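One structure is given here, and the rest of the page talks about it.
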Amino acid sequence: MFELKYTTPSAWTDAVMKNFDFFLQDHAAAEKKASAMAMSMLSHYPDRAKLVRAMTDLALEELIHFKQVLKLLTSRGMPLGDDSKDLYIKKIRAVFRHGQQEYFLDRMLVAGVIEARGYERFSMVAQALPAGKDKDFYDAIAKSEAKHKDLFVELAYQYFDKDVVDKRLEEILISEADICAQIPFTGALH
């Protein structure tokens with residue numbers, strides 16, 4: 001439905017593969033936060049029936065992903081890890097505009113862009129892993145993120161004119177590309 005404006009270089013994947021346990025801990029935190037974000041969206045917009053249904057399903061799916069990543073961590077003898085502040089998320093949330101409708105639109109579009117970035121990077125992880133369960137898991141996670149990316153834009157089209165959505169999405173994609181170009185690779189998802 002839309003394309004990111006920044007392509008993550010292979011140096012990011014190299015950083016992930018050098019410390020895959022850290023990546024798993026960060027991935028678990030990201031899934032947990034994604035589930036909480038979906039719950040927050042449906043709590044803030046209870047009058048938007050399509051959004052409530054979609055966010056309920058998304059929150060459950062993200063929580064299942066969290067459980068799956070936790071299982072991978074446990075199988076490696078790794079603890080869950082602390083939730084740390086995600087600089088990427090902090091910076092991309094700074095694009096939110098004020099005003100009830102503007103903020104609502106921005107929340108949906110930013111969430112879609114974050115999911116698109118997840119799709120790109122989980123796909124890169126899947127390609128870097130040897131054949132087996134971990135590779136299959138990351139292939140499945142990437143496909144799920146691709147659906148989520150489109151879900152948020154489709155929801156935005158339900159509540160706003162297509163031209164308004166497309167124009168704002170383009171602005172957010174440009175901002176997101178600038179953010180990605182500035183953040184060093186740490187082996188974390190973002």
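Residues in the structure tokens are numbered from 1 in each chain, the chains being A, B, ... in the order shown, and ligands are numbered from 1 in the order shown.
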Spatial neighbours of A:Ala15, 9 Å, only C-alpha atoms, chain gap at least 2 places, as a PyMOL selection string
chain A and resi 10-13+17-20+185-188
Neighbour list for A:Glu31 as a VMD selection string, cut-off 8 Å, only C-alpha atoms, skip fewer than 6 positions in-chain
chain A and resid 62 to 63 65 to 66
For A:Tyr45, list every protein, DNA or RNA residue within 10 Å, evaluated using only C-alpha atoms, and leave out those in the same chain fewer than 6 positions away; present the list as a list in words.
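Non-adjacent residues within range: Leu51, Val52 and Phe104 of chain A.
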Contact residues around stretch 168-172 of chain A with only C-alpha atoms at 8 Å, ignoring same-chain residues under 2 positions, as a VMD selection string:
chain A and resid 95 106 109 to 110 113 164 to 166 174 to 176
Please return as a ChimeraX atom specification: the residues of chain A that backbone DSSP assigns to alpha helix (DSSP H).
/A:10-18,20-44,49-75,87-93,100-128,133-159,162-182
Neighbouring residues of A:Tyr159 were defined as those with any atom within 12 Å, considering only C-alpha atoms; residues of the same chain fewer than 6 positions away were excluded. Please report them as a list in words.
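Once the nearby chain positions are removed, what remains is Tyr45, Asp47, Arg48, Ala49, Lys50, Leu51, Gln101, Glu102, Phe104, Leu105, Met108, Phe152, Val153 and Val165 of chain A.
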Writing out the chosen residues with N, CA and C atoms as a short mmCIF file (atom, residue, chain, number, x, y, z; two decimals), in the first residue's frame:
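Once everything was written out, this is out.cif:
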```cif
data_model
loop_
_atom_site.label_atom_id
_atom_site.label_comp_id
_atom_site.auth_asym_id
_atom_site.auth_seq_id
_atom_site.Cartn_x
_atom_site.Cartn_y
_atom_site.Cartn_z
N TYR A 45 -10.63 5.70 21.69
CA TYR A 45 -11.61 5.92 20.63
C TYR A 45 -12.70 4.85 20.67
N ASP A 47 -15.80 4.99 20.48
CA ASP A 47 -16.93 5.24 19.59
C ASP A 47 -16.64 4.86 18.14
N ARG A 48 -15.45 4.43 17.85
CA ARG A 48 -15.05 4.06 16.48
C ARG A 48 -15.07 2.53 16.38
N ALA A 49 -16.22 1.99 16.01
CA ALA A 49 -16.45 0.54 16.07
C ALA A 49 -15.43 -0.27 15.27
N LYS A 50 -15.12 0.16 14.06
CA LYS A 50 -14.16 -0.59 13.23
C LYS A 50 -12.78 -0.58 13.88
N LEU A 51 -12.41 0.56 14.41
CA LEU A 51 -11.12 0.67 15.08
C LEU A 51 -11.08 -0.21 16.33
N GLN A 101 -8.57 15.63 15.89
CA GLN A 101 -8.60 14.86 14.65
C GLN A 101 -7.20 14.65 14.06
N GLU A 102 -6.37 15.67 14.13
CA GLU A 102 -5.01 15.56 13.61
C GLU A 102 -4.22 14.51 14.39
N PHE A 104 -5.46 11.98 16.10
CA PHE A 104 -6.02 10.66 15.78
C PHE A 104 -5.45 10.13 14.47
N LEU A 105 -5.45 10.97 13.44
CA LEU A 105 -4.90 10.55 12.15
C LEU A 105 -3.42 10.21 12.28
N MET A 108 -2.68 6.81 13.89
CA MET A 108 -2.88 5.66 13.00
C MET A 108 -1.76 5.56 11.97
N PHE A 152 -3.57 -0.07 9.43
CA PHE A 152 -3.66 1.28 9.97
C PHE A 152 -4.02 2.31 8.89
N VAL A 153 -3.49 2.13 7.69
CA VAL A 153 -3.83 3.06 6.62
C VAL A 153 -5.28 2.85 6.19
N VAL A 165 -5.29 11.69 4.05
CA VAL A 165 -4.47 10.58 4.57
C VAL A 165 -3.18 10.46 3.77
#
```
